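Enquirer: Sharing a structure below in structure tokens format, with a few things to ask.
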Amino acid sequence: MIQLTLAQISDAIGGTLHLGGKSASADTLVTGSVETDSRLVTEGSLFFAKPGEVTDGHLFVAAAARSGAVAAVVEHSVPDAEGVAQIIVADTVAALGQLAKFVLAKIRSETDLKVIGITGSNGKTTTKNMLREILSTSGATIAPIESYNNEVGAPISMLKANFETKYLVVEMGAGGEGSIRYLADIAQPNIAVILKVGLAHVGEFGGIETTAKIKGELARALSKDDLLIFNGDDGYVRDMAESTAAKTTSFGTVGDANYRATDLSLDIEGTSFELHWPDAQVSKIKLQILGEHHVMNALASATVADALGIDRSAIVEALQNMPLAERWRMQVSHRADGVIVINDAYNASPDSMRAALQTLAQLGKGGRRTIAVLGEMAELGSQSREQHDAIGRIVVRLNIDHLVVVGAPAKLIHMGAMFEGSWDGESEFFESIEPAFEAVHGMLEPGDIVLIKSSKSANLRHLGDKLMEVRS
């Protein structure tokens, strides 16, 4: 974060400053990072004491002070932390957003910072990582770690920007109506990317139309000087282009997309396609990342970078040099015994599950045996039964050789496969991870390809990590 005095911070967030340390004053500078986790605090940090479902950040103000925090933003005074300055606000999460908005406005007043906002039911993290790789070739780039995309994580990421930052990439996750509008108001993106409307939040939001409405908040937040980059293959997203005041351009595989992919192909070494630029130039790209669905993320990233004037050869090179999207996202391991493990168990929705299974099926066409180890897709609400059953049936229709389902919430995947025409031996169900691991480990033979896919809460990513190791 840029250096600010305690007085500047207090004014920016509408707080009341209480000086706890003898050496602290209104002019004392915050020179370090902004954190909501006291374990990440270092010398010069500002600590936000955020109340949580499990614990309360106010309990860790003293620990933050011992680690070097200059001040803590709190909702009430913390008596046992008199050694640190405290800024009292009504709502620490809201104050975090206010500070991020203030800091970005201050940076923009002195620099030509470009902010890129990304939303979509799937692909946000991969697109964000691709953009980081591309934009870093042109200037200092800030992009969130992991999936820092909510009302806390996104502002924390924004606050890492400083006067040297040329590009700031902000991932915007949907947390209900108004959530993306809230993040857009803080970030004020110059370029917005809308990737896809899918079933990832259907249980929480009640229907895909509501999801589309929330994702569309980003398009409606833009001004006429901004640019909306949208997925031309997705009907819901195409409609959003009609609701924005911004300039628009599209990416996709459809004929009228401004940035278009053709000749998609897949092998165990990665995913290939041809990128048709708006002026009819064509670039051949070979991603190391598996899955034709990642082509859309690459297209979105290339569209942003081209709009920012990045050299096209640098865009292509950066995309081709990426070894993986992120840990546990189509992460490929070639074991010494010839088994290939694809660990994609950080997140799962019906859309991403289908895409991963289609990738597995395509890879198996070369004669390799395919094994899918699947767990729960979380947050599907009333559609959970239908969607888990459907995935089991898709496994059979794709001719995946063997299915292993783990965890009671995912059992309907196994049942769907059985009803679709699978039989005992082709599909197996296990209540817990350890027996599932032993079963899969025991069946693997040289040349097999095994996919592990589930929501993060199912913890199958750790099963995938174990399978990546060859055991005697």
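Note on naming: chains are A, B, ... as they come in the structure tokens, residues start from 1 per chain, ligands start from 1 in the order shown.
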For the interface of range 5-122 of chain A with range 176-189 of chain A (cut-off 8 Å, counting only C-alpha atoms), please tabulate each contacting residue of range 5-122 of chain A alongside its nearest pair of atoms and their separation in Å to one decimal, rows sorted by chain and increasing number, as a Markdown table.

Expert:
| residue | atom | partner | partner_atom | distance |
| --- | --- | --- | --- | --- |
| A:Gly97 | CA | A:Ile186 | CA | 6.5 |
| A:Gln98 | CA | A:Ile186 | CA | 7.3 |
| A:Ala100 | CA | A:Ile186 | CA | 6.7 |
| A:Lys101 | CA | A:Ile186 | CA | 4.7 |
| A:Leu104 | CA | A:Ala187 | CA | 7.2 |
| A:Lys114 | CA | A:Pro189 | CA | 7.5 |
| A:Val115 | CA | A:Pro189 | CA | 4.7 |
| A:Ile116 | CA | A:Pro189 | CA | 5.3 |
| A:Gly117 | CA | A:Pro189 | CA | 5.6 |

Enquirer: Determine, counting only C-alpha atoms, which protein, DNA and RNA residues have an atom within 8 Å of an atom of Gln86 in chain A; residues of the same chain fewer than 3 positions away are not included. Present the result as a list in words.

Expert: Leu17, His18, Leu19, Gly20, Ala71, Ala72, Val73, Val74 and Ser77 of chain A

Enquirer: Please list as an MDAnalysis selection string every residue within 12 Å of Ile394 in chain A, counting only C-alpha atoms and excluding residues in the same chain fewer than 4 positions away.

Expert: chainID A and resid 350:351 353:358 361 372 387:390 398:400 403 413:422

Enquirer: Using only C-alpha atoms, which residues sit within 8 Å of Glu43 in chain A once same-chain residues fewer than 3 positions away are excluded, as a list in words?

Expert: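 Neighbouring residues, sequence-local ones excluded: Gly32, Ser67, Gly68, Ala69 and Val70 of chain A.
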
Enquirer: Could those residues be written to a file, using N, CA, C and O atoms, as a compact mmCIF listing (two decimals), in the first residue's frame?

Expert:
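Saved result, again.txt, follows:
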# COMPACT_ATOMS: atom_id res chain seq x y z
N GLY A 32 3.55 -0.49 5.86
CA GLY A 32 3.50 -1.89 5.46
C GLY A 32 2.18 -2.26 4.79
O GLY A 32 1.48 -1.42 4.23
N SER A 67 3.46 -8.10 16.43
CA SER A 67 4.12 -8.41 15.15
C SER A 67 4.52 -7.16 14.38
O SER A 67 5.09 -7.28 13.28
N GLY A 68 4.19 -5.98 14.93
CA GLY A 68 4.66 -4.75 14.31
C GLY A 68 3.59 -3.87 13.71
O GLY A 68 3.91 -2.88 13.03
N ALA A 69 2.31 -4.19 13.93
CA ALA A 69 1.25 -3.34 13.39
C ALA A 69 1.35 -1.93 13.96
O ALA A 69 1.55 -1.74 15.15
N VAL A 70 1.20 -0.96 13.07
CA VAL A 70 1.22 0.44 13.49
C VAL A 70 -0.10 0.81 14.15
O VAL A 70 -0.14 1.57 15.11

Enquirer: Please identify which residues in range 5-132 of chain A DSSP calls alpha helix (DSSP H) from the backbone, and express them as JSON, numbers by chain.

Expert: {"A": [6, 7, 8, 9, 10, 11, 12, 61, 62, 63, 64, 65, 66, 92, 93, 94, 95, 96, 97, 98, 99, 100, 101, 102, 103, 104, 105, 106, 107, 108, 109, 110, 124, 125, 126, 127, 128, 129, 130, 131, 132]}

Enquirer: For the selection you just gave me, I'd like the residues written to a file as an mmCIF file, in the first residue's frame, keeping C-alpha atoms.

Expert:
data_model
loop_
_atom_site.group_PDB
_atom_site.id
_atom_site.type_symbol
_atom_site.label_atom_id
_atom_site.label_comp_id
_atom_site.auth_asym_id
_atom_site.auth_seq_id
_atom_site.Cartn_x
_atom_site.Cartn_y
_atom_site.Cartn_z
ATOM 1 C CA LEU A 6 -3.027 7.530 10.669
ATOM 2 C CA ALA A 7 -4.944 10.796 10.310
ATOM 3 C CA GLN A 8 -5.353 10.278 6.552
ATOM 4 C CA ILE A 9 -6.577 6.720 7.068
ATOM 5 C CA SER A 10 -8.969 7.706 9.831
ATOM 6 C CA ASP A 11 -10.447 10.490 7.697
ATOM 7 C CA ALA A 12 -10.744 8.220 4.653
ATOM 8 C CA VAL A 61 -5.244 -6.985 17.967
ATOM 9 C CA ALA A 62 -2.601 -7.463 20.656
ATOM 10 C CA ALA A 63 -0.933 -10.188 18.580
ATOM 11 C CA ALA A 64 -0.917 -7.885 15.557
ATOM 12 C CA ALA A 65 0.694 -5.167 17.675
ATOM 13 C CA ARG A 66 3.432 -7.560 18.809
ATOM 14 C CA THR A 92 -14.490 -2.831 9.665
ATOM 15 C CA VAL A 93 -15.380 -4.590 6.392
ATOM 16 C CA ALA A 94 -17.035 -1.445 5.018
ATOM 17 C CA ALA A 95 -14.049 0.587 6.230
ATOM 18 C CA LEU A 96 -11.705 -1.754 4.353
ATOM 19 C CA GLY A 97 -13.574 -1.015 1.140
ATOM 20 C CA GLN A 98 -13.529 2.724 1.830
ATOM 21 C CA LEU A 99 -9.777 2.652 2.334
ATOM 22 C CA ALA A 100 -9.232 0.723 -0.902
ATOM 23 C CA LYS A 101 -11.334 3.223 -2.843
ATOM 24 C CA PHE A 102 -9.433 6.131 -1.297
ATOM 25 C CA VAL A 103 -6.035 4.609 -2.070
ATOM 26 C CA LEU A 104 -6.892 3.817 -5.694
ATOM 27 C CA ALA A 105 -8.228 7.345 -6.222
ATOM 28 C CA LYS A 106 -5.008 8.779 -4.782
ATOM 29 C CA ILE A 107 -2.852 6.591 -7.022
ATOM 30 C CA ARG A 108 -4.917 7.519 -10.070
ATOM 31 C CA SER A 109 -4.522 11.214 -9.288
ATOM 32 C CA GLU A 110 -0.776 10.862 -9.829
ATOM 33 C CA LYS A 124 -11.980 -15.868 -13.066
ATOM 34 C CA THR A 125 -8.862 -17.161 -11.351
ATOM 35 C CA THR A 126 -7.310 -18.640 -14.498
ATOM 36 C CA THR A 127 -7.988 -15.458 -16.476
ATOM 37 C CA LYS A 128 -6.569 -13.353 -13.658
ATOM 38 C CA ASN A 129 -3.400 -15.453 -13.613
ATOM 39 C CA MET A 130 -3.061 -15.293 -17.393
ATOM 40 C CA LEU A 131 -3.395 -11.517 -17.281
ATOM 41 C CA ARG A 132 -0.759 -11.285 -14.559
#

Enquirer: Given only C-alpha atoms, how would the per-residue table for range 301-415 of chain A near range 227-240 of chain A read, listing every residue at most 12 Å away with its closest atom pair and distance in Å to one decimal, sorted by chain and number, as a tab-separated table?

Expert:
residue	atom	partner	partner_atom	distance
A:Ser301	CA	A:Ile229	CA	9.7
A:Ala302	CA	A:Ile229	CA	10.6
A:Thr303	CA	A:Ile229	CA	7.4
A:Val304	CA	A:Ile229	CA	7.4
A:Ala305	CA	A:Ile229	CA	11.1
A:Asp306	CA	A:Ile229	CA	11.3
A:Ala307	CA	A:Leu227	CA	8.8
A:Leu308	CA	A:Leu227	CA	10.5

Enquirer: Any chance you can output those residues with C-alpha atoms as a PDB file, in the first residue's frame?

Expert:
ATOM      1  CA  SER A 301      -6.819 -12.279 -21.448  1.00  0.00           C
ATOM      2  CA  ALA A 302      -5.515 -11.619 -24.952  1.00  0.00           C
ATOM      3  CA  THR A 303      -8.400  -9.222 -25.615  1.00  0.00           C
ATOM      4  CA  VAL A 304      -7.615  -7.199 -22.489  1.00  0.00           C
ATOM      5  CA  ALA A 305      -3.900  -7.075 -23.248  1.00  0.00           C
ATOM      6  CA  ASP A 306      -4.480  -6.066 -26.875  1.00  0.00           C
ATOM      7  CA  ALA A 307      -6.780  -3.260 -25.737  1.00  0.00           C
ATOM      8  CA  LEU A 308      -3.990  -2.053 -23.451  1.00  0.00           C
TER       9      LEU A 308
END

Enquirer: DSSP on the backbone, strand (DSSP E) only: what residues of range 158-338 of chain A does that give? Format it as a PyMOL selection string.

Expert: chain A and resi 167-171+191-194+227-231+247-252+259-267+270-276+282-287+331-334

Enquirer: Store the residues picked out above, limited to C-alpha atoms, as a JSON list (two decimals), in the first residue's frame.

Expert:
[["chain", "number", "residue", "atom", "x", "y", "z"],
["A", 167, "TYR", "CA", -1.90, -2.58, -13.95],
["A", 168, "LEU", "CA", -4.25, -3.78, -11.21],
["A", 169, "VAL", "CA", -6.28, -6.93, -11.90],
["A", 170, "VAL", "CA", -9.31, -7.36, -9.62],
["A", 171, "GLU", "CA", -11.24, -10.62, -9.41],
["A", 191, "ILE", "CA", -11.74, -2.49, -18.42],
["A", 192, "ALA", "CA", -14.29, -5.07, -17.31],
["A", 193, "VAL", "CA", -14.33, -8.74, -18.36],
["A", 194, "ILE", "CA", -17.43, -10.93, -18.06],
["A", 227, "LEU", "CA", -14.37, -0.91, -22.07],
["A", 228, "LEU", "CA", -16.52, -4.02, -21.58],
["A", 229, "ILE", "CA", -15.00, -7.26, -22.86],
["A", 230, "PHE", "CA", -17.62, -10.01, -23.01],
["A", 231, "ASN", "CA", -18.03, -13.67, -23.91],
["A", 247, "LYS", "CA", -17.49, 0.61, -25.36],
["A", 248, "THR", "CA", -17.67, -3.14, -26.03],
["A", 249, "THR", "CA", -15.71, -5.89, -27.72],
["A", 250, "SER", "CA", -16.23, -9.65, -27.66],
["A", 251, "PHE", "CA", -14.28, -12.90, -27.59],
["A", 252, "GLY", "CA", -15.41, -16.42, -28.34],
["A", 259, "TYR", "CA", -11.33, -12.03, -30.91],
["A", 260, "ARG", "CA", -12.06, -15.56, -32.12],
["A", 261, "ALA", "CA", -10.61, -19.01, -31.54],
["A", 262, "THR", "CA", -10.71, -21.74, -34.19],
["A", 263, "ASP", "CA", -9.11, -25.16, -34.71],
["A", 264, "LEU", "CA", -9.16, -26.15, -31.06],
["A", 265, "SER", "CA", -7.33, -29.38, -30.25],
["A", 266, "LEU", "CA", -6.14, -31.15, -27.15],
["A", 267, "ASP", "CA", -3.44, -33.61, -26.16],
["A", 270, "GLY", "CA", -1.75, -28.99, -23.63],
["A", 271, "THR", "CA", -4.40, -27.19, -25.65],
["A", 272, "SER", "CA", -3.91, -25.64, -29.10],
["A", 273, "PHE", "CA", -5.95, -23.10, -31.05],
["A", 274, "GLU", "CA", -5.70, -20.31, -33.57],
["A", 275, "LEU", "CA", -6.43, -16.79, -32.35],
["A", 276, "HIS", "CA", -8.00, -14.50, -34.96],
["A", 282, "VAL", "CA", -3.84, -15.03, -36.89],
["A", 283, "SER", "CA", -1.66, -16.44, -34.11],
["A", 284, "LYS", "CA", -1.19, -20.13, -33.36],
["A", 285, "ILE", "CA", -1.15, -20.75, -29.61],
["A", 286, "LYS", "CA", -0.28, -23.89, -27.66],
["A", 287, "LEU", "CA", -1.25, -23.63, -23.99],
["A", 331, "GLN", "CA", -2.69, -29.44, -12.37],
["A", 332, "VAL", "CA", -0.98, -32.24, -14.30],
["A", 333, "SER", "CA", 1.60, -34.62, -12.85],
["A", 334, "HIS", "CA", 3.43, -37.26, -14.91]]

Enquirer: Show me a table, sorted first by chain and then by increasing residue number, of the residues of range 335-387 of chain A having an atom at most 10 Å from range 455-460 of chain A, each with its shortest atom pair and the distance in Å to one decimal, counting only C-alpha atoms and written as a Markdown table.

Expert:
| residue | atom | partner | partner_atom | distance |
| --- | --- | --- | --- | --- |
| A:Asn343 | CA | A:Leu460 | CA | 8.6 |
| A:Asp344 | CA | A:Leu460 | CA | 8.9 |
| A:Ala345 | CA | A:Leu460 | CA | 5.8 |
| A:Tyr346 | CA | A:Lys456 | CA | 4.7 |
| A:Asn347 | CA | A:Ser455 | CA | 4.1 |
| A:Ala348 | CA | A:Ser455 | CA | 4.5 |
| A:Ser349 | CA | A:Ser455 | CA | 7.5 |
| A:Met353 | CA | A:Ser455 | CA | 9.6 |
| A:Val373 | CA | A:Leu460 | CA | 8.4 |
| A:Leu374 | CA | A:Leu460 | CA | 8.0 |
| A:Gly375 | CA | A:Ala458 | CA | 6.2 |
| A:Glu376 | CA | A:Ser455 | CA | 6.0 |
| A:Met377 | CA | A:Ser455 | CA | 5.2 |
| A:Ala378 | CA | A:Ser455 | CA | 6.0 |
| A:Glu379 | CA | A:Ser455 | CA | 9.2 |

Enquirer: Generate a file of the selected residues that holds all heavy atoms, formatted as a CSV table (one decimal), in the first residue's frame.

Expert:
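Saved result, again33.csv, follows:
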chain,number,residue,atom,x,y,z
A,343,ASN,N,-5.1,-33.0,-11.2
A,343,ASN,CA,-5.7,-32.6,-9.9
A,343,ASN,C,-6.4,-31.3,-10.1
A,343,ASN,O,-5.8,-30.2,-10.3
A,343,ASN,CB,-4.7,-32.4,-8.8
A,343,ASN,CG,-5.3,-32.3,-7.4
A,343,ASN,OD1,-6.4,-32.1,-7.3
A,343,ASN,ND2,-4.4,-32.4,-6.4
A,344,ASP,N,-7.8,-31.3,-10.2
A,344,ASP,CA,-8.6,-30.2,-10.5
A,344,ASP,C,-9.7,-30.0,-9.4
A,344,ASP,O,-10.8,-29.7,-9.6
A,344,ASP,CB,-9.3,-30.3,-11.8
A,344,ASP,CG,-9.9,-29.0,-12.3
A,344,ASP,OD1,-9.4,-27.9,-12.0
A,344,ASP,OD2,-10.9,-29.1,-13.0
A,345,ALA,N,-9.2,-30.2,-8.1
A,345,ALA,CA,-10.2,-30.3,-7.0
A,345,ALA,C,-10.2,-29.1,-6.1
A,345,ALA,O,-10.5,-29.2,-4.9
A,345,ALA,CB,-9.9,-31.6,-6.2
A,346,TYR,N,-9.9,-27.9,-6.7
A,346,TYR,CA,-10.0,-26.7,-5.9
A,346,TYR,C,-11.4,-26.1,-5.9
A,346,TYR,O,-11.8,-25.5,-4.9
A,346,TYR,CB,-9.0,-25.6,-6.4
A,346,TYR,CG,-8.9,-24.4,-5.5
A,346,TYR,CD1,-8.1,-24.5,-4.4
A,346,TYR,CD2,-9.7,-23.3,-5.7
A,346,TYR,CE1,-8.0,-23.4,-3.5
A,346,TYR,CE2,-9.6,-22.2,-4.8
A,346,TYR,CZ,-8.7,-22.3,-3.7
A,346,TYR,OH,-8.7,-21.2,-2.8
A,347,ASN,N,-12.1,-26.3,-7.0
A,347,ASN,CA,-13.4,-25.8,-7.1
A,347,ASN,C,-14.2,-26.7,-8.1
A,347,ASN,O,-13.6,-27.3,-9.0
A,347,ASN,CB,-13.4,-24.4,-7.6
A,347,ASN,CG,-14.6,-23.6,-7.1
A,347,ASN,OD1,-15.6,-24.1,-6.6
A,347,ASN,ND2,-14.5,-22.2,-7.2
A,348,ALA,N,-15.5,-26.6,-8.0
A,348,ALA,CA,-16.3,-27.4,-8.9
A,348,ALA,C,-17.8,-26.9,-9.0
A,348,ALA,O,-18.4,-26.6,-8.0
A,348,ALA,CB,-16.4,-28.9,-8.5
A,349,SER,N,-18.2,-26.8,-10.2
A,349,SER,CA,-19.6,-26.5,-10.5
A,349,SER,C,-20.1,-27.4,-11.6
A,349,SER,O,-19.2,-28.1,-12.2
A,349,SER,CB,-19.8,-25.0,-11.0
A,349,SER,OG,-19.1,-24.9,-12.3
A,353,MET,N,-17.3,-29.1,-14.0
A,353,MET,CA,-17.2,-30.6,-13.9
A,353,MET,C,-17.3,-31.2,-15.3
A,353,MET,O,-16.6,-32.1,-15.7
A,353,MET,CB,-18.3,-31.1,-12.9
A,353,MET,CG,-18.2,-32.6,-12.7
A,353,MET,SD,-16.9,-33.0,-11.5
A,353,MET,CE,-17.6,-32.7,-9.9
A,373,VAL,N,-12.2,-39.4,-10.4
A,373,VAL,CA,-12.5,-39.5,-9.0
A,373,VAL,C,-13.2,-38.2,-8.6
A,373,VAL,O,-12.6,-37.1,-8.7
A,373,VAL,CB,-11.1,-39.6,-8.2
A,373,VAL,CG1,-11.4,-39.7,-6.7
A,373,VAL,CG2,-10.3,-40.8,-8.7
A,374,LEU,N,-14.4,-38.3,-8.3
A,374,LEU,CA,-15.3,-37.1,-8.2
A,374,LEU,C,-15.9,-37.0,-6.8
A,374,LEU,O,-16.2,-37.9,-6.1
A,374,LEU,CB,-16.4,-37.1,-9.2
A,374,LEU,CG,-16.0,-37.4,-10.7
A,374,LEU,CD1,-17.3,-37.4,-11.5
A,374,LEU,CD2,-15.0,-36.3,-11.1
A,375,GLY,N,-16.0,-35.7,-6.3
A,375,GLY,CA,-16.6,-35.4,-5.1
A,375,GLY,C,-17.7,-34.4,-5.2
A,375,GLY,O,-18.1,-34.0,-6.3
A,376,GLU,N,-18.2,-33.9,-4.1
A,376,GLU,CA,-19.4,-33.0,-4.1
A,376,GLU,C,-19.1,-31.7,-4.9
A,376,GLU,O,-18.0,-31.1,-4.8
A,376,GLU,CB,-19.7,-32.6,-2.7
A,376,GLU,CG,-20.9,-31.7,-2.5
A,376,GLU,CD,-21.1,-31.1,-1.1
A,376,GLU,OE1,-20.2,-31.2,-0.3
A,376,GLU,OE2,-22.2,-30.6,-0.9
A,377,MET,N,-20.1,-31.2,-5.5
A,377,MET,CA,-20.2,-29.8,-6.1
A,377,MET,C,-21.0,-29.1,-5.0
A,377,MET,O,-22.2,-29.3,-4.9
A,377,MET,CB,-20.9,-29.8,-7.4
A,377,MET,CG,-20.1,-30.6,-8.5
A,377,MET,SD,-21.0,-30.6,-10.1
A,377,MET,CE,-22.4,-31.6,-9.7
A,378,ALA,N,-20.4,-28.1,-4.3
A,378,ALA,CA,-21.1,-27.4,-3.2
A,378,ALA,C,-22.0,-26.3,-3.7
A,378,ALA,O,-21.9,-25.9,-4.9
A,378,ALA,CB,-20.1,-26.9,-2.2
A,379,GLU,N,-22.8,-25.8,-2.9
A,379,GLU,CA,-23.6,-24.6,-3.1
A,379,GLU,C,-24.6,-24.7,-4.3
A,379,GLU,O,-24.9,-23.7,-4.9
A,379,GLU,CB,-22.7,-23.4,-3.3
A,379,GLU,CG,-21.8,-23.1,-2.1
A,379,GLU,CD,-20.9,-21.9,-2.3
A,379,GLU,OE1,-20.8,-21.4,-3.4
A,379,GLU,OE2,-20.1,-21.6,-1.4

Enquirer: Quick one: residues within 8 Å of Glu133 in chain A, only C-alpha atoms counted, chain neighbours fewer than 5 positions away excluded, as an NGL selection string?

Expert: :A and (318-319 or 322)

Enquirer: Closest to Asn297 in chain A among A:Val341, A:Leu195, A:Ala26, A:Val396, using only C-alpha atoms?

Expert: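 Nearest to Asn297 in chain A: A:Leu195.
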
Enquirer: Work out how far CA of Ala140 in chain A is from CA of Thr42 in chain A, in Å to one decimal.

Expert: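 Atom-to-atom, CA of Thr42 in chain A and CA of Ala140 in chain A are spaced 22.6 Å apart.
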